[in-house]
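Participant: Handing you a structure now.
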Amino acid sequence: MKPNNNHNSAPELPEAILVAENIQKTYGNRKAVKDLTFTLLAGRVMGFLGPNGAGKTTSIRILTTIMEPDSGNFTVDGTSSKHPEIIRRKIGVLPENLGFPRQMTALEYLRYFGQLYSLTPQEAKANAFRLLNEVGLENRAKSLIGSFSHGMRQRLGIARALVNDPVVVFLDEPTLGLDPRGQQELLQLIQRIAREHHTGVILCSHMLSEIEGICDDVIILSSGQVVAQGPVHSVVGNIQRNVARVRVPVENVDASLEVLGALQNVFKVSHNPQMQSWISVELADYDASITQNEKTRNSLLKALIQAEIPVLSYEAEGGRLQDVFLQLTEEVIK
Amino acid sequence: MNTTSISEKDAQGHMADVAAPKGRVRPAWWLVFTREMADLWIGGKALNMILIYSVLLGVMVYVYSYNSELSLIPPKEMVYEMLKNAMAVSLFIGLVIGADMLSGERERNTLESMLLTPARRGQIVFGKFLAGISPWPAALIIAIPYLIVVSQGDEVLGPAILWGAITGSVLVPAYTGLGMLVSFWSSSNKVSYFVSLGLYILFLVPAQLPGRAQTGAAGQFLQWVNPLAAVNHFLSKHLVNYRTLAEFWTWLISPVAFAVIVLGILFLIAGPGLRLEAGRSSKFLRRLKPRISTAIILAIILLASATPAMGFQTGNTSVDDLSISIDVDTAVVKTGDKVEFNTVVTNNGSSQSLPLIVAMNIINLNAQGDVVDPEDWSPQRTQYSQPLAPGGSVSHSWVINTILDGDYMVYMVLIPAPGSQDTSSHPVASPGIHLTVMPFTRINPGGVLPYAIGGPVIVLIGILVLYRMRRKQIDNG
């Protein structure tokens, strides 16, 4: 795999391997991407979030040189976007809808792509076996791809993305259509790729829980523009740092809203129908002492118990990425 | 990929830490070509088409021999018809394969992963194109046994295979390239197939015009400008009517020009701009417009530079004491046989003759003196001579290929070419050749049957062998 030449001296800051600056793309009168600017560090997983039509796929296609931006530029491992053929040698991509030649075996498929990246046939074969082993398909090397399950194809797609030992890997909805176990295995694989190969990973997904679970950084796009970016905990904390969440039975939601809204130190109580029985409670006086905050939070539970409303779940650590996502994308849409 | 910059080398440095390099790095077009070949031939698309093609040829050859009317067609015409149909089907196969090459990959979501590699777009297109024309050699080889059967030993076989190979090798790449261009600009595979089929029919239309329309000036031009019709016309004249290449080479201009234009657009303009979405960016269109204009101007210059009417000449008028003799007076042959004879024109006068034209005439004695069109019978309908000095003579050689059985009178007419509009001349007739043509020997339907059935069966066996080899290849990794 990658020799990791640039990282042999111990405590060193991760290097910036993908730097995008003011990327813009317009389709007719519609701006698909507006001023996309961010930096991806080596060995980190960055989540790319956004509702449908937010510009995620366009952004990925620009960054993978499939499409040209109207303005702006980006560099991959120091190579400018003006040299797309060199960039293609440095990136690996798993597109959202990757098709496979059904009549090829997994080994032939990876060997073919290895040779397209200037490996000799022997090198490409050895590389293919190593990658199949890495993604857990070593026993299916000689099976026709047409006989593979969806999950196996996704793993083969990831192996294909790694065939040139890239410095940045783009994964567009890699867990789509997989069962929970398949999703978990694939996410573990992605994390391993980032950590062991020191590869930067950009992960596009609608599954906010998986982004929250494995991503170090996140970018939230809405209507073509970045509405939030940074480390996941920071984005969540900055947007909803004084929020507690309570889950009650659906039939008690209205009563709970009334009880919690009447409490002191509660700034706002809200219920998003998409979140079913979860109620968000925004606390006032966030700057007060931690003890005061804890008291306020405890009072939420006490009030609900006194009103004989069952508390099914409680999260005192503020909002989740899902709340932030819905809030931010809703604001822009409005 | 051959121009490796420092950054590129850095990028290559990230390659897998595998064993010491063995073998050599293959060019991208070769890799794409071999993969496409496997996809076409092992995937089954080309194999199935070739199987259908061989069945079609088998049926055709059997019908030729079994149907009593068709079996009377002289071998030369049978060979021409067989070749024409084999080529039409081969062109269709090329067009269909080309039409699927890019839009099909888009639809199957396999194009994006290709475009994400460092392979140049032009190389991807070139590799695909080479694979796309691969069915043509197979189609030609399959057609040869059938051509041998219908030729029945006629000497037309060699020229038919030669000119079939040459013209097919011009047209099949052009049609495959055309299909790929349509595929390049089509948003879906369905659109690509429909447009390609429409174009194919469009090229067939001139051949369906009524006979008179085909021989008129506009009809001739339409035929000449249409690459498929032009090739068919050339093959018909050269193989059936014994016309020489020198007489009809101009009919090969439009197929060659068509191939050059289509492949030029494919490789120089469209190919390098291959992208995920159908068509190209506006930047491409801006670049394309002047090139299309140049191509159109070039095509017009080519078209204008040679027309089917090339070679017509005029002469002067004079009347002299002329005679013409023939060295054969009777001949009995079988249909399809060749009759050779010589004529001698002598100027018996005391002054130089006018320029002389000797024209061949054939009269059917069995059909109340119907005139036979010598075009179908001989490569030389007329021969031209410079003026003869007093007492001078000139000899001409003639060949007649007997097309239909019957009783004929062949005679020559010597025509002093009139020199102006207000003068005429006195043609002189030669002695006649009484030509008896015996009936044609039909192909034995029973004898053809092994070819009609054997061809497809051999192709089928080839398919099974290929699948078996593929299975072994998979097992061996």
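By convention in this document, the chains of the structure tokens carry letters A, B, ... by their order, each chain's residues are numbered from 1, and ligands are numbered from 1 in the order they are shown.
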Show me which bits of chain A are within 8 Å of chain B, counting only C-alpha atoms, as a ChimeraX atom specification.
Facilitator: /A:1-3,64-66,79,85-86,88-90,93,95,97-101,103,105,107-108,112-113,115-123,126-127,142-143,164-166
Participant: For Tyr242 of chain B, find every residue with an atom within 8 Å (counting only C-alpha atoms), except residues of its own chain fewer than 5 positions away, and show them as a PDB file with N, CA and C atoms, in the first residue's frame.
Facilitator:
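And here is the file that came out, around.pdb:
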ATOM      1  N   LYS B 237     -20.971  -3.055 -61.183  1.00  0.00           N
ATOM      2  CA  LYS B 237     -20.356  -2.804 -62.492  1.00  0.00           C
ATOM      3  C   LYS B 237     -19.077  -3.632 -62.666  1.00  0.00           C
ATOM      4  N   ASP B 376     -24.398  -5.933 -69.797  1.00  0.00           N
ATOM      5  CA  ASP B 376     -24.401  -7.088 -68.900  1.00  0.00           C
ATOM      6  C   ASP B 376     -23.490  -8.212 -69.398  1.00  0.00           C
ATOM      7  N   TRP B 377     -23.085  -8.148 -70.665  1.00  0.00           N
ATOM      8  CA  TRP B 377     -22.378  -9.269 -71.280  1.00  0.00           C
ATOM      9  C   TRP B 377     -20.878  -9.040 -71.467  1.00  0.00           C
ATOM     10  N   SER B 378     -20.516  -7.776 -71.538  1.00  0.00           N
ATOM     11  CA  SER B 378     -19.115  -7.539 -71.906  1.00  0.00           C
ATOM     12  C   SER B 378     -18.545  -6.315 -71.213  1.00  0.00           C
ATOM     13  N   PRO B 379     -17.265  -6.368 -70.855  1.00  0.00           N
ATOM     14  CA  PRO B 379     -16.632  -5.174 -70.289  1.00  0.00           C
ATOM     15  C   PRO B 379     -16.421  -4.103 -71.350  1.00  0.00           C
ATOM     16  N   GLN B 380     -16.479  -4.497 -72.639  1.00  0.00           N
ATOM     17  CA  GLN B 380     -16.231  -3.514 -73.710  1.00  0.00           C
ATOM     18  C   GLN B 380     -17.464  -3.381 -74.582  1.00  0.00           C
TER      19      GLN B 380
END
Participant: Run DSSP on the backbone and tell me which residues of segment 44-212 of chain A come out as alpha helix (DSSP H); list them as a ChimeraX atom specification.
Facilitator: /A:56-63,84-90,106-116,121-134,150-161,180-197,208-212
Participant: Go ahead and compute the interatomic distance for atom CA of Met412 of chain B and atom CA of Gly392 of chain B, in Å to one decimal.
Facilitator: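 Computed distance, atom CA of Met412 of chain B to atom CA of Gly392 of chain B, equals 19.0 Å.
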Participant: Between B:Ser54, B:Asn342, B:Ser90, B:Gln223, single out the one closest to Tyr451 of chain B, counting only C-alpha atoms.
Facilitator: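 Closest to Tyr451 of chain B, using only C-alpha atoms: B:Ser54.
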Participant: Please identify all polymer residues within 6 Å of His198 of chain A, counting only C-alpha atoms, omitting same-chain residues fewer than 4 positions from it, and present them as a ChimeraX atom specification.
Facilitator: /A:42-43,194
Participant: Could you give me, as a Markdown table, a per-residue list for segment 197-255 of chain A showing, wherever an atom lies at most 10 Å from an atom of segment 52-62 of chain A, the closest pair of atoms and their distance in Å to one decimal, using only C-alpha atoms and sorting by chain then residue number from low to high?
Facilitator:
| residue | atom | partner | partner_atom | distance |
| --- | --- | --- | --- | --- |
| A:Ile202 | CA | A:Ile60 | CA | 8.8 |
| A:Leu203 | CA | A:Ile60 | CA | 9.9 |
| A:Cys204 | CA | A:Lys56 | CA | 7.4 |
| A:Ser205 | CA | A:Lys56 | CA | 9.4 |
| A:His206 | CA | A:Asn52 | CA | 9.0 |
| A:Ile219 | CA | A:Lys56 | CA | 9.9 |
| A:Ile220 | CA | A:Ala54 | CA | 9.0 |
| A:Leu221 | CA | A:Ala54 | CA | 5.8 |
| A:Ser222 | CA | A:Ala54 | CA | 4.7 |
| A:Ser223 | CA | A:Ala54 | CA | 4.5 |
| A:Gly224 | CA | A:Gly55 | CA | 4.8 |
| A:Gln225 | CA | A:Ala54 | CA | 7.6 |
| A:Val226 | CA | A:Ala54 | CA | 9.3 |
Participant: Can you work out the spacing between atom CA of Ala161 of chain A and atom CA of Gly200 of chain A in Å, to one decimal?
Facilitator: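 About the pair atom CA of Ala161 of chain A and atom CA of Gly200 of chain A: they are 12.6 Å apart.
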Participant: Quick one: pull the distance between atom CA of Ser277 of chain A and atom CA of Val248 of chain A, Å, one decimal.
Facilitator: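 For atom CA of Ser277 of chain A relative to atom CA of Val248 of chain A, the distance reads 5.7 Å.
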Participant: Could you please write out, as a count of residues only, every residue of segment 88-295 of chain A that DSSP assigns to strand (DSSP E or B)?
Facilitator: 45
Participant: With only C-alpha atoms as the atoms that count, which of A:Arg297, A:His271, A:Lys25, A:His197 lies nearest to Asn242 of chain A?
Facilitator: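 Checking each of A:Arg297, A:His271, A:Lys25, A:His197 against Asn242 of chain A, counting only C-alpha atoms, the winner is A:Arg297.
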Participant: Residues within 7 Å of segment 136-138 of chain B, please, as an NGL selection string. Count only C-alpha atoms; anything in the same chain fewer than 3 positions from it doesn't count.
Facilitator: :B and (90 or 133 or 141-142 or 172)
Participant: If we count only C-alpha atoms, what is near Leu47 of chain B at a cut-off of 10 Å, once residues fewer than 2 positions away on the same chain are taken out, given as a ChimeraX atom specification?
Facilitator: /B:40-45,49-53,135,138,459-460,462-463,466
Participant: Restricting the output to N, CA and C atoms, write the selected residues as a compact mmCIF listing (two decimals), in the first residue's frame.
Facilitator:
# COMPACT_ATOMS: atom_id res chain seq x y z
N LEU B 40 -17.62 -8.15 -25.91
CA LEU B 40 -18.39 -8.40 -27.12
C LEU B 40 -18.47 -9.88 -27.46
N TRP B 41 -17.32 -10.55 -27.36
CA TRP B 41 -17.25 -11.93 -27.86
C TRP B 41 -17.57 -12.95 -26.79
N ILE B 42 -17.18 -12.67 -25.55
CA ILE B 42 -17.52 -13.64 -24.50
C ILE B 42 -18.85 -13.26 -23.88
N GLY B 43 -19.08 -11.94 -23.81
CA GLY B 43 -20.38 -11.48 -23.32
C GLY B 43 -21.51 -11.94 -24.22
N GLY B 44 -21.20 -12.16 -25.49
CA GLY B 44 -22.18 -12.81 -26.36
C GLY B 44 -22.78 -11.93 -27.43
N LYS B 45 -22.67 -10.61 -27.30
CA LYS B 45 -23.37 -9.74 -28.25
C LYS B 45 -22.89 -9.98 -29.69
N MET B 49 -24.77 -12.02 -32.88
CA MET B 49 -25.02 -11.37 -34.17
C MET B 49 -24.37 -12.16 -35.30
N ILE B 50 -23.18 -12.64 -35.06
CA ILE B 50 -22.48 -13.41 -36.10
C ILE B 50 -23.21 -14.73 -36.37
N LEU B 51 -23.78 -15.30 -35.33
CA LEU B 51 -24.54 -16.55 -35.51
C LEU B 51 -25.77 -16.28 -36.38
N ILE B 52 -26.48 -15.19 -36.08
CA ILE B 52 -27.66 -14.82 -36.88
C ILE B 52 -27.23 -14.54 -38.33
N TYR B 53 -26.11 -13.86 -38.46
CA TYR B 53 -25.58 -13.53 -39.78
C TYR B 53 -25.30 -14.79 -40.59
N PRO B 135 -16.09 -7.66 -35.50
CA PRO B 135 -16.94 -8.67 -36.16
C PRO B 135 -16.75 -8.71 -37.68
N ALA B 138 -14.55 -11.50 -39.10
CA ALA B 138 -15.25 -12.79 -38.89
C ALA B 138 -16.36 -12.93 -39.92
N VAL B 459 -20.19 -22.00 -36.46
CA VAL B 459 -20.16 -20.80 -35.60
C VAL B 459 -20.63 -21.16 -34.19
N LEU B 460 -21.68 -21.97 -34.13
CA LEU B 460 -22.21 -22.37 -32.82
C LEU B 460 -21.15 -23.16 -32.04
N GLY B 462 -17.99 -22.88 -32.43
CA GLY B 462 -17.00 -21.88 -32.03
C GLY B 462 -17.42 -21.16 -30.75
N ILE B 463 -18.72 -20.84 -30.66
CA ILE B 463 -19.23 -20.16 -29.47
C ILE B 463 -19.05 -21.04 -28.24
N LEU B 466 -15.50 -21.19 -27.20
CA LEU B 466 -15.12 -19.93 -26.54
C LEU B 466 -15.58 -19.93 -25.08
